[in-house]
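K.L.:
File my_file27.txt follows (compact mmCIF, C-alpha atoms):
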```
# COMPACT_ATOMS: atom_id res chain seq x y z
CA MET E 1 -71.14 161.86 101.41
CA LYS E 2 -69.56 158.42 101.27
CA THR E 3 -65.90 157.55 100.91
CA ASN E 4 -63.92 154.34 100.54
CA ASN E 5 -61.01 155.83 102.51
CA ARG E 6 -61.18 154.31 105.99
CA GLU E 7 -59.67 157.32 107.73
CA PHE E 8 -62.07 159.69 105.99
CA TYR E 9 -64.94 157.37 106.90
CA PHE E 10 -64.14 157.80 110.60
CA VAL E 11 -63.87 161.58 110.15
CA GLU E 12 -67.38 161.62 108.69
CA GLN E 13 -68.69 159.44 111.52
CA ALA E 14 -67.05 161.73 114.08
CA PHE E 15 -68.72 164.76 112.51
CA GLN E 16 -72.10 163.05 112.82
CA ILE E 17 -71.50 162.70 116.55
CA VAL E 18 -70.31 166.32 116.79
CA GLN E 19 -73.58 167.36 115.15
CA LYS E 20 -75.49 165.64 117.98
CA LYS E 21 -73.28 166.43 120.97
CA GLY E 22 -71.26 169.51 120.03
CA TRP E 23 -67.47 169.69 119.89
CA GLU E 24 -66.82 170.24 123.60
CA LYS E 25 -68.72 167.11 124.63
CA PHE E 26 -67.41 164.96 121.78
CA SER E 27 -64.52 162.59 122.52
CA LEU E 28 -62.76 159.79 120.67
CA LYS E 29 -64.41 157.40 123.11
CA ASP E 30 -67.76 158.35 121.60
CA LEU E 31 -66.49 157.31 118.18
CA GLN E 32 -64.90 154.14 119.53
CA LYS E 33 -68.08 153.19 121.35
CA GLU E 34 -70.33 153.82 118.35
CA LYS E 35 -68.13 152.02 115.83
CA ASN E 36 -66.63 149.41 118.20
CA LYS E 37 -63.26 149.88 116.48
CA GLU E 38 -61.08 151.18 119.30
CA SER E 39 -57.69 149.98 118.03
CA GLU E 40 -58.37 151.12 114.47
CA ILE E 41 -59.57 154.55 115.55
CA ASN E 42 -56.54 154.93 117.83
CA PHE E 43 -54.35 154.09 114.84
CA TYR E 44 -55.76 157.03 112.86
CA PHE E 45 -56.28 159.58 115.64
CA LYS E 46 -54.14 160.29 118.71
CA ASN E 47 -56.61 162.87 120.01
CA LYS E 48 -59.87 164.43 118.89
CA ASN E 49 -58.19 167.56 117.52
CA GLU E 50 -56.58 165.40 114.83
CA ILE E 51 -60.06 164.87 113.41
CA VAL E 52 -60.11 168.58 112.52
CA ASP E 53 -56.77 168.19 110.70
CA LYS E 54 -57.89 165.09 108.83
CA PHE E 55 -61.19 166.75 107.89
CA SER E 56 -59.35 169.60 106.20
CA PHE E 57 -57.10 167.16 104.36
CA MET E 58 -60.15 165.11 103.33
CA ILE E 59 -61.91 168.14 101.86
CA ASP E 60 -58.80 169.21 99.95
CA SER E 61 -58.47 165.68 98.58
CA PHE E 62 -62.04 165.85 97.31
CA VAL E 63 -61.38 169.27 95.78
CA GLU E 64 -58.19 168.14 94.05
CA SER E 65 -59.98 165.13 92.57
CA LYS E 66 -62.53 167.43 90.91
CA VAL E 67 -60.25 169.93 89.21
CA ASN E 68 -58.56 169.73 85.84
CA LEU E 69 -55.19 171.45 86.08
CA ASN E 70 -55.06 171.82 82.30
CA ASP E 71 -58.13 174.06 82.50
CA PHE E 72 -56.26 176.28 84.94
CA LYS E 73 -53.72 177.10 82.22
CA ILE E 74 -56.34 178.91 80.15
CA SER E 75 -58.09 180.71 83.02
CA SER E 76 -57.03 183.65 85.17
CA LYS E 77 -55.49 183.10 88.61
CA LYS E 78 -58.49 184.85 90.14
CA ASP E 79 -60.96 182.53 88.37
CA ASN E 80 -58.96 179.47 89.37
CA LEU E 81 -58.79 180.48 93.03
CA PHE E 82 -62.50 181.28 92.93
CA GLU E 83 -63.22 177.79 91.59
CA LEU E 84 -61.06 176.07 94.21
CA ILE E 85 -62.51 177.93 97.16
CA MET E 86 -66.10 177.46 95.98
CA LEU E 87 -65.38 173.76 95.42
CA ARG E 88 -64.05 173.54 98.97
CA LEU E 89 -67.14 175.22 100.37
CA ASP E 90 -69.38 173.00 98.26
CA GLU E 91 -67.60 169.87 99.51
CA MET E 92 -68.07 171.11 103.09
CA ARG E 93 -71.78 171.77 102.67
CA PRO E 94 -72.89 168.38 104.12
CA TYR E 95 -70.83 169.18 107.23
CA LYS E 96 -72.06 172.73 107.83
CA GLY E 97 -73.88 171.76 111.05
CA PRO E 98 -70.88 170.23 112.85
CA LEU E 99 -68.55 172.87 111.40
CA THR E 100 -70.70 175.59 112.95
CA LYS E 101 -70.38 173.86 116.33
CA ILE E 102 -66.62 173.49 115.93
CA VAL E 103 -66.22 177.17 114.99
CA ASP E 104 -68.32 178.19 118.00
CA ALA E 105 -66.13 176.04 120.25
CA ALA E 106 -62.98 177.55 118.72
CA LYS E 107 -64.05 181.03 119.83
CA LYS E 108 -63.46 179.88 123.42
CA ASN E 109 -60.54 177.55 122.69
CA PRO E 110 -57.35 179.28 121.41
CA CYS E 111 -55.61 175.95 120.74
CA LEU E 112 -58.47 174.73 118.56
CA LEU E 113 -58.66 178.10 116.78
CA SER E 114 -54.92 177.96 116.07
CA ARG E 115 -55.27 174.44 114.71
CA ILE E 116 -58.11 175.42 112.39
CA SER E 117 -56.17 178.49 111.23
CA ASN E 118 -53.10 176.39 110.45
CA ASN E 119 -55.22 173.95 108.46
CA VAL E 120 -56.80 176.75 106.43
CA MET E 121 -53.39 178.34 105.86
CA ASN E 122 -52.05 175.01 104.56
CA SER E 123 -55.06 174.67 102.26
CA MET E 124 -54.61 178.17 100.88
CA ASP E 125 -50.93 177.46 100.26
CA PHE E 126 -51.95 174.28 98.42
CA TYR E 127 -54.45 176.20 96.28
CA LEU E 128 -51.87 178.85 95.42
CA GLU E 129 -49.52 176.06 94.34
CA LEU E 130 -52.25 174.37 92.26
CA THR E 131 -52.96 177.61 90.44
CA SER E 132 -49.26 178.45 89.92
CA SER E 133 -49.84 181.71 91.77
CA TYR E 134 -46.37 181.83 93.26
CA ASN E 135 -43.86 183.41 90.87
CA GLU E 136 -40.82 184.03 93.08
CA THR E 137 -41.38 187.74 93.55
CA PRO E 138 -41.19 189.86 96.73
CA ILE E 139 -45.00 189.81 97.08
CA ASP E 140 -45.25 186.01 97.20
CA PHE E 141 -45.10 186.10 101.00
CA LEU E 142 -48.27 188.23 101.05
CA LYS E 143 -50.34 185.89 98.90
CA LYS E 144 -50.97 183.11 101.41
CA ASN E 145 -51.95 185.51 104.19
CA THR E 146 -54.17 187.50 101.86
CA LEU E 147 -55.94 184.38 100.60
CA PHE E 148 -56.34 183.20 104.21
CA PHE E 149 -58.26 186.37 105.07
CA ILE E 150 -60.29 186.19 101.87
CA TYR E 151 -61.26 182.61 102.67
CA SER E 152 -62.03 183.43 106.31
CA PHE E 153 -64.44 186.27 105.43
CA THR E 154 -66.03 184.16 102.71
CA PHE E 155 -66.40 181.21 105.08
CA LYS E 156 -68.18 183.45 107.59
CA THR E 157 -70.66 184.45 104.87
CA TRP E 158 -71.03 180.82 103.77
CA LEU E 159 -71.99 179.68 107.27
CA THR E 160 -75.16 181.77 107.12
CA ASP E 161 -75.84 181.38 103.39
CA ASP E 162 -78.59 178.77 103.08
CA SER E 163 -79.41 179.46 99.43
CA ASP E 164 -79.06 176.65 96.90
CA ASP E 165 -76.84 178.69 94.60
CA LEU E 166 -74.73 180.27 97.39
CA ALA E 167 -75.14 183.63 95.66
CA SER E 168 -74.10 185.69 98.70
CA THR E 169 -71.03 183.55 99.24
CA MET E 170 -69.97 183.77 95.61
CA ALA E 171 -70.52 187.52 95.53
CA GLU E 172 -68.39 188.01 98.65
CA LEU E 173 -65.61 185.79 97.35
CA ASP E 174 -65.59 187.52 93.96
CA ARG E 175 -65.52 190.95 95.61
CA LEU E 176 -62.60 190.07 97.87
CA LEU E 177 -60.60 188.38 95.13
CA SER E 178 -61.12 191.42 92.90
CA ILE E 179 -59.85 193.74 95.65
CA SER E 180 -56.81 191.51 96.10
CA GLU E 181 -56.16 191.33 92.36
CA ASN E 182 -56.31 195.13 92.02
CA ALA E 183 -54.04 195.61 95.04
CA GLU E 184 -51.50 193.18 93.59
CA LYS E 185 -51.44 195.12 90.30
CA LYS E 186 -50.82 198.38 92.17
CA ILE E 187 -48.02 196.84 94.24
CA LYS E 188 -46.36 195.46 91.12
CA ASN E 189 -46.32 198.93 89.61
CA PHE E 190 -44.12 200.11 92.47
CA LEU E 191 -41.78 197.12 92.55
CA PRO E 192 -39.09 196.13 90.02
CA ILE E 193 -40.63 192.69 89.32
```
What would you get if you wrote out this structure as structure tokens?

P.N.:
Amino acid sequence: MKTNNREFYFVEQAFQIVQKKGWEKFSLKDLQKEKNKESEINFYFKNKNEIVDKFSFMIDSFVESKVNLNDFKISSKKDNLFELIMLRLDEMRPYKGPLTKIVDAAKKNPCLLSRISNNVMNSMDFYLELTSSYNETPIDFLKKNTLFFIYSFTFKTWLTDDSDDLASTMAELDRLLSISENAEKKIKNFLPI
């Protein structure tokens, strides 16, 4: 994938190095050495963990550029969230190799895991906003956490789903969103909203 955004370009280059060396052995010096752009890279990234943050922002930027918010008005919230999450996973497909290495590293690095979790939480909040899923009710606070877990389980399936159509990933996402949708309806029946 190619981008004209300079910051995103360096993120993509960093991920290529991560693919070769793994996350633990990767450093900003590797990127600086390969691109010979030390001052520019230091301008964009204070440390290597910021590359993870910028990657998440980059993917969400790509996703946002591909959706038509007017279409969301005539589709269900579930369908819209399904589309956004599958778009995100599709945009991440070229980076599955380095992402697998980063996730493996995060299992032994609580700080990195926390950073990834915060990025995903921010993305899910963004998707809920895009789909107008917040409606100022008592259950709004549950929505972001619920979608975070839905995404996390779906992401785990996606990592091992090598099919062209991502059938297993889509089935898992649809199943989890349906469970969430049914649970929300039941909760609403018990609340004066």

K.L.:
Distance CA of Glu129 in chain E-CA of Phe153 in chain E, one decimal place?

P.N.:
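Going from CA of Glu129 in chain E over to CA of Phe153 in chain E, I get 21.2 Å.
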
K.L.:
Determine, counting all atoms listed in the file, which protein, DNA and RNA residues have an atom within 9 Å of an atom of Leu28 in chain E; residues of the same chain fewer than 4 positions away are not included. Present the result as number ranges by chain.

P.N.:
E: 14, 32-33, 38, 41-42, 45-48

K.L.:
Identify, on the basis of all atoms listed in the file, every residue whose closest approach to Gln13 in chain E does not exceed 12 Å; exclude the query and any residue fewer than 2 positions from it along the same chain; express the result as a list of chain:residue names.

P.N.:
E:Met1, E:Lys2, E:Thr3, E:Arg6, E:Glu7, E:Phe8, E:Tyr9, E:Phe10, E:Val11, E:Phe15, E:Gln16, E:Ile17, E:Val18, E:Gln19, E:Lys20, E:Phe26, E:Leu28, E:Asp30, E:Leu31, E:Gln32, E:Lys33, E:Glu34, E:Lys35, E:Ile41, E:Ile51, E:Phe55, E:Tyr95, E:Pro98

K.L.:
Take the point (-61.0, 192.7, 95.7) in the file's coordinates, draw a sphere of radius 12 Å around it, and report as number ranges by chain every protein, DNA or RNA residue with an atom inside or on it, counting only C-alpha atoms.

P.N.:
E: 78, 82, 146-147, 149-150, 171-185

K.L.:
If you measure from CA of Glu83 in chain E to CA of Glu50 in chain E, what distance in Å do you get, rounded to one decimal?

P.N.:
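Spanning CA of Glu83 in chain E to CA of Glu50 in chain E is a straight-line distance of 27.2 Å.
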
K.L.:
Would you compute the distance between CA of Ser75 in chain E and CA of Met170 in chain E? Give it in Å to one decimal.

P.N.:
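Pair CA of Ser75 in chain E / CA of Met170 in chain E returns 17.6 Å.
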
K.L.:
Skip range 65-69 of chain E itself and residues of its chain fewer than 6 positions away, then list as a PDB file with C-alpha atoms, keeping the file's coordinate frame all residues within 9 Å of it, counting only C-alpha atoms.

P.N.:
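So result-v3.pdb came out as:
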```
ATOM      1  CA  GLU E  83     -63.220 177.790  91.590  1.00  0.00           C
ATOM      2  CA  LEU E  84     -61.060 176.070  94.210  1.00  0.00           C
ATOM      3  CA  LEU E  87     -65.380 173.760  95.420  1.00  0.00           C
ATOM      4  CA  LEU E 130     -52.250 174.370  92.260  1.00  0.00           C
ATOM      5  CA  THR E 131     -52.960 177.610  90.440  1.00  0.00           C
TER       6      THR E 131
END
```

K.L.:
Using only C-alpha atoms, can you tell me which of E:Ser163, E:Ser123, E:Thr100, E:Asn36 comes closest to Gly22 in chain E?

P.N.:
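Looking at the shortest contact to Gly22 in chain E, the residue is E:Thr100.
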
K.L.:
Here is a test: counting all atoms listed in the file, which residue of E:Asp79, E:Glu64, E:Asp90, E:Glu136 is nearest to Asp164 in chain E?

P.N.:
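Among E:Asp79, E:Glu64, E:Asp90, E:Glu136, it is E:Asp90 that comes nearest to Asp164 in chain E.
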
K.L.:
Using all atoms listed in the file, which of the listed residues (E:Asp125, E:Asp53, E:Glu12, E:Asp161) sits closest to Leu89 in chain E?

P.N.:
E:Asp161

K.L.:
Quick one: residues within 12 Å of Asn118 in chain E, only C-alpha atoms counted, chain neighbours fewer than 5 positions away excluded, as a ChimeraX atom specification?

P.N.:
/E:52-53,56-57,111-113,123-125,144-145,148

K.L.:
For Trp23 in chain E, which residue among E:Ala167, E:Leu81, E:Leu99, E:Ile59 is the nearest when counting all atoms listed in the file?

P.N.:
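Among the listed residues, the smallest separation from Trp23 in chain E belongs to E:Leu99.
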
K.L.:
Choose the residue, out of E:Tyr151, E:Trp158, E:Phe72, E:Phe62, that has the smallest atom-to-atom separation from Ser132 in chain E; count all atoms listed in the file.

P.N.:
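Once distances to Ser132 in chain E are computed over all atoms listed in the file, the minimum belongs to E:Phe72.
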